[in-house]
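Student: Sharing data-v2.txt, compact mmCIF, C-alpha atoms:
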```
# COMPACT_ATOMS: atom_id res chain seq x y z
CA MET D 417 62.75 82.46 150.25
CA LYS D 418 63.00 84.10 146.83
CA LYS D 419 59.32 83.34 146.23
CA PHE D 420 58.43 85.08 149.50
CA PHE D 421 60.32 88.27 148.54
CA PHE D 422 58.83 88.17 145.06
CA ALA D 423 55.30 87.83 146.50
CA ALA D 424 55.97 90.62 148.99
CA ALA D 425 57.26 92.88 146.21
CA LEU D 426 54.14 92.19 144.14
CA ILE D 427 51.87 93.03 147.08
CA VAL D 428 53.73 96.27 147.86
CA SER D 429 53.69 97.38 144.21
CA GLY D 430 49.99 96.54 143.98
CA LEU D 431 49.30 98.64 147.07
CA LEU D 432 51.30 101.56 145.68
CA VAL D 433 49.41 101.47 142.40
CA GLY D 434 46.10 101.15 144.24
CA CYS D 435 46.94 104.06 146.55
CA ASN D 436 47.92 106.22 143.58
CA GLN D 437 44.39 105.80 142.20
CA LEU D 438 43.06 107.10 145.52
CA THR D 439 45.20 110.26 145.42
CA GLN D 440 44.79 111.42 141.81
CA TYR D 441 42.95 111.03 138.53
CA THR D 442 44.70 111.22 135.15
CA VAL D 443 43.19 112.55 131.93
CA SER D 444 45.10 111.38 128.85
CA GLU D 445 45.60 113.09 125.50
CA GLN D 446 43.27 110.51 123.96
CA GLU D 447 40.46 111.44 126.38
CA ILE D 448 40.99 115.15 125.68
CA ASN D 449 40.97 114.45 121.92
CA GLN D 450 37.69 112.53 122.20
CA ALA D 451 36.12 115.44 124.08
CA LEU D 452 37.53 117.98 121.60
CA ALA D 453 35.87 116.11 118.73
CA LYS D 454 32.61 117.58 120.02
CA HIS D 455 33.90 121.14 119.50
CA ASN D 456 33.35 121.30 115.76
CA ASN D 457 30.50 123.83 116.04
CA PHE D 458 32.78 126.78 116.74
CA SER D 459 30.75 129.29 114.70
CA LYS D 460 28.37 129.33 111.76
CA ASP D 461 31.19 130.35 109.38
CA ILE D 462 33.99 128.23 110.88
CA VAL D 463 33.93 124.49 111.54
CA LEU D 464 36.78 122.95 113.54
CA ASN D 465 37.84 119.42 112.57
CA ASN D 466 40.50 116.91 113.52
CA LEU D 467 41.51 118.65 116.75
CA ALA D 468 44.33 116.78 118.46
CA SER D 469 46.12 117.70 121.67
CA GLN D 470 49.67 117.41 122.86
CA ILE D 471 49.74 117.95 126.60
CA GLY D 472 52.92 119.44 128.07
CA ARG D 473 55.12 118.11 125.27
CA GLU D 474 56.16 121.25 123.36
CA GLU D 475 55.96 123.66 126.28
CA PRO D 476 55.65 122.89 130.01
CA ASN D 477 52.17 123.46 131.50
CA LYS D 478 50.67 124.15 128.07
CA VAL D 479 48.44 122.22 125.70
CA THR D 480 49.16 122.42 121.98
CA LEU D 481 46.27 121.76 119.63
CA THR D 482 46.48 121.06 115.93
CA GLY D 483 43.54 120.80 113.59
CA ASP D 484 41.65 122.14 110.63
CA ALA D 485 39.25 125.03 110.35
CA ASN D 486 36.88 125.02 107.40
CA LEU D 487 35.89 128.57 106.54
CA ASP D 488 32.79 129.58 104.59
CA MET D 489 32.99 133.32 103.94
CA ASN D 490 30.40 135.43 102.22
CA SER D 491 31.36 138.83 100.83
CA LEU D 492 30.43 141.23 98.07
CA PHE D 493 32.46 138.98 95.76
CA GLY D 494 30.41 135.89 96.59
CA SER D 495 30.94 132.84 98.73
CA GLN D 496 34.48 131.60 99.28
CA LYS D 497 35.59 128.45 101.02
CA ALA D 498 38.99 127.77 102.54
CA THR D 499 40.67 125.28 104.85
CA MET D 500 43.13 126.38 107.48
CA LYS D 501 45.69 124.17 109.22
CA LEU D 502 45.92 125.55 112.74
CA LYS D 503 48.36 125.18 115.58
CA LEU D 504 47.11 126.60 118.87
CA LYS D 505 48.52 126.88 122.39
CA ALA D 506 46.57 127.20 125.61
CA LEU D 507 46.86 126.98 129.37
CA PRO D 508 44.75 124.20 130.91
CA VAL D 509 42.79 125.41 133.94
CA PHE D 510 40.54 123.37 136.24
CA ASN D 511 37.17 124.80 137.31
CA LYS D 512 36.23 122.94 140.50
CA GLU D 513 32.60 124.14 140.56
CA LYS D 514 31.94 122.73 137.09
CA GLY D 515 34.37 119.81 137.38
CA ALA D 516 35.85 120.78 134.03
CA ILE D 517 39.16 121.52 132.35
CA TYR D 518 39.20 124.68 130.25
CA LEU D 519 41.84 125.72 127.71
CA GLN D 520 42.44 129.38 128.54
CA GLU D 521 44.72 132.00 127.00
CA MET D 522 44.22 130.26 123.65
CA GLU D 523 46.32 131.67 120.84
CA VAL D 524 46.99 130.77 117.23
CA VAL D 525 50.73 130.17 116.87
CA ASP D 526 50.70 128.99 113.26
CA ALA D 527 48.16 128.91 110.44
CA THR D 528 48.29 128.05 106.76
CA VAL D 529 45.38 128.30 104.37
CA THR D 530 44.30 126.47 101.23
CA PRO D 531 43.77 127.80 98.60
CA GLU D 532 46.91 129.91 98.93
CA LYS D 533 45.22 132.96 97.36
CA MET D 534 43.26 133.26 100.63
CA GLN D 535 46.46 133.91 102.67
CA SER D 536 45.94 137.70 102.66
CA VAL D 537 42.35 137.21 103.86
CA LEU D 538 43.67 134.95 106.62
CA GLN D 539 46.10 137.65 107.78
CA THR D 540 43.23 140.13 107.96
CA LEU D 541 41.01 137.69 109.89
CA MET D 542 43.71 136.44 112.27
CA PRO D 543 43.05 138.89 115.16
CA TYR D 544 39.31 138.12 114.95
CA LEU D 545 39.95 134.37 114.79
CA ASN D 546 42.40 134.52 117.69
CA GLN D 547 39.95 136.40 119.92
CA SER D 548 37.02 134.22 118.86
CA LEU D 549 38.88 131.00 119.66
CA ARG D 550 40.00 132.44 123.00
CA ASN D 551 36.43 133.42 123.93
CA TYR D 552 35.03 130.08 122.78
CA PHE D 553 37.49 127.92 124.74
CA ASN D 554 37.20 130.17 127.81
CA GLN D 555 33.47 129.33 127.85
CA GLN D 556 33.46 125.76 126.53
CA PRO D 557 35.31 123.14 128.59
CA ALA D 558 37.76 120.87 126.81
CA TYR D 559 36.95 118.04 129.24
CA ILE D 560 34.19 117.55 131.83
CA LEU D 561 34.51 115.08 134.69
CA LYS D 562 31.43 112.84 134.91
CA GLU D 563 30.41 111.34 138.23
CA ASP D 564 28.73 108.37 136.54
CA SER D 565 31.68 107.50 134.27
CA SER D 566 34.07 105.81 136.74
CA GLN D 567 34.86 105.77 140.42
CA GLY D 568 38.12 107.67 139.80
CA GLU D 569 36.37 110.35 137.79
CA ALA D 570 33.65 110.72 140.45
CA LEU D 571 36.34 111.11 143.14
CA ALA D 572 38.17 113.66 140.99
CA LYS D 573 35.04 115.75 140.61
CA LYS D 574 34.46 115.78 144.37
CA LEU D 575 38.02 116.00 145.72
CA ALA D 576 40.06 117.81 143.03
CA LYS D 577 42.65 120.30 144.27
CA GLY D 578 43.66 121.68 140.85
CA ILE D 579 45.67 120.17 138.00
CA GLU D 580 49.24 119.30 137.13
CA VAL D 581 50.38 119.12 133.51
CA LYS D 582 52.78 116.29 132.67
CA PRO D 583 53.89 115.22 129.19
CA GLY D 584 50.92 113.41 127.66
CA GLU D 585 48.50 113.82 130.56
CA ILE D 586 46.73 116.13 132.95
CA ILE D 587 46.78 114.93 136.55
CA ILE D 588 44.02 115.96 138.94
CA PRO D 589 45.36 115.50 142.50
CA PHE D 590 42.95 114.88 145.39
CA THR D 591 45.37 116.16 148.04
CA ASP D 592 47.56 119.23 148.38
```
Could you quickly redo this structure as structure tokens?

Tutor:
Amino acid sequence: MKKFFFAAALIVSGLLVGCNQLTQYTVSEQEINQALAKHNNFSKDIVLNNLASQIGREEPNKVTLTGDANLDMNSLFGSQKATMKLKLKALPVFNKEKGAIYLQEMEVVDATVTPEKMQSVLQTLMPYLNQSLRNYFNQQPAYILKEDSSQGEALAKKLAKGIEVKPGEIIIPFTD
């Protein structure tokens, strides 16, 4: 009798897990990070490296990014190089037509620069950098659903109803 209930419980749990895959698709932090690795060509003077996401962990419904920006600035005083440690926050938004997740309302919440003597230059450039990052991520998706990647991803691209942000993942529901 115990074996029967155990088998029934396994079948029911298997059905629930299987049904969940038919009602939503989940994008993990790791998948977002792999896609963000392709965003290193931010501008000719700034290269983004080591971008890593934290989805919904620090602030509900927000994505926090950390990473490095390598700056190569030319001025009347010659060429100067610097590395910035950035912390950014953004609102993930799903574009159904493109089947893509964008990081909108991007803002720099913390930045430190090496060498330290470049800190005053950083403060001067911060409004420009903030607006440039916002424009870039408004136009460049952080993650694109691919129909040929998996059955779940293909379903998500066709049936998505928006996104939900949970700690560590973005869920794309197929139903309202």

Student: Restricting the calculation to all atoms listed in the file, which member of D:Asn465, D:Thr499, D:Thr482, D:Ser566 is positioned closest to Thr528 in chain D?

Tutor: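 The answer is D:Thr499, which sits nearest to Thr528 in chain D.
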
Student: Restricting the calculation to only C-alpha atoms: of D:Ile560, D:Leu541, D:Leu487, D:Ala516, which residue gets closest to Leu464 in chain D?

Tutor: D:Leu487

Student: Taking only C-alpha atoms into account, which of D:Gln567, D:Asn486, D:Asn477, D:Asn554 comes nearest Ser459 in chain D?

Tutor: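 For Ser459 in chain D, the nearest of the given residues is D:Asn486.
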
Student: If I take CA of Met489 in chain D and CA of Ile448 in chain D, how far is one from the other in Å, to one decimal?

Tutor: 29.4 Å

Student: Between CA of Asp484 in chain D and CA of Ser469 in chain D, measure the distance and give it in Å to one decimal.

Tutor: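 Straight-line distance from CA of Asp484 in chain D to CA of Ser469 in chain D works out to 12.7 Å.
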
Student: Which residue is closest to Leu452 in chain D? Choose from D:Met534, D:Ala572, D:Ala558, D:Ala506 and count all atoms listed in the file.

Tutor: D:Ala558

Student: May I ask which of the residues D:Leu504, D:Thr439, D:Ala576, D:His455 is the closest one to Ile471 in chain D, counting all atoms listed in the file?

Tutor: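 Of D:Leu504, D:Thr439, D:Ala576, D:His455, the one nearest Ile471 in chain D, counting all atoms listed in the file, is D:Leu504.
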
Student: Please determine, counting all atoms listed in the file, which residue among D:Glu513, D:Glu532, D:Asp488, D:Glu447 has the shortest atom-to-atom distance to Gly578 in chain D.

Tutor: D:Glu513

Student: Separation of CA of Gly584 in chain D and CA of Asn466 in chain D, in Å?

Tutor: 17.9 Å

Student: Would you kindly return, as a PDB file with C-alpha atoms, in the coordinates of the input, each protein, DNA or RNA residue with an atom no farther than 9 Å from any atom of Asn551 in chain D, considering all atoms listed in the file and excluding same-chain residues fewer than 3 positions away?

Tutor:
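Saved result, out_4.pdb, follows:
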```pdb
ATOM      1  CA  GLN D 520      42.440 129.380 128.540  1.00  0.00           C
ATOM      2  CA  GLU D 521      44.720 132.000 127.000  1.00  0.00           C
ATOM      3  CA  MET D 522      44.220 130.260 123.650  1.00  0.00           C
ATOM      4  CA  ASN D 546      42.400 134.520 117.690  1.00  0.00           C
ATOM      5  CA  GLN D 547      39.950 136.400 119.920  1.00  0.00           C
ATOM      6  CA  SER D 548      37.020 134.220 118.860  1.00  0.00           C
ATOM      7  CA  ASN D 554      37.200 130.170 127.810  1.00  0.00           C
ATOM      8  CA  GLN D 555      33.470 129.330 127.850  1.00  0.00           C
ATOM      9  CA  GLN D 556      33.460 125.760 126.530  1.00  0.00           C
TER      10      GLN D 556
END
```

Student: Counting all atoms listed in the file, note down every residue that has an atom within 12 Å of the point (46.9, 107.0, 127.7) (file coordinates), as a list in words.

Tutor: Thr442, Val443, Ser444, Glu445, Gln446, Glu447, Ile448, Asn449, Gln470, Ile471, Pro583, Gly584, Glu585, Ile586 and Ile587 of chain D
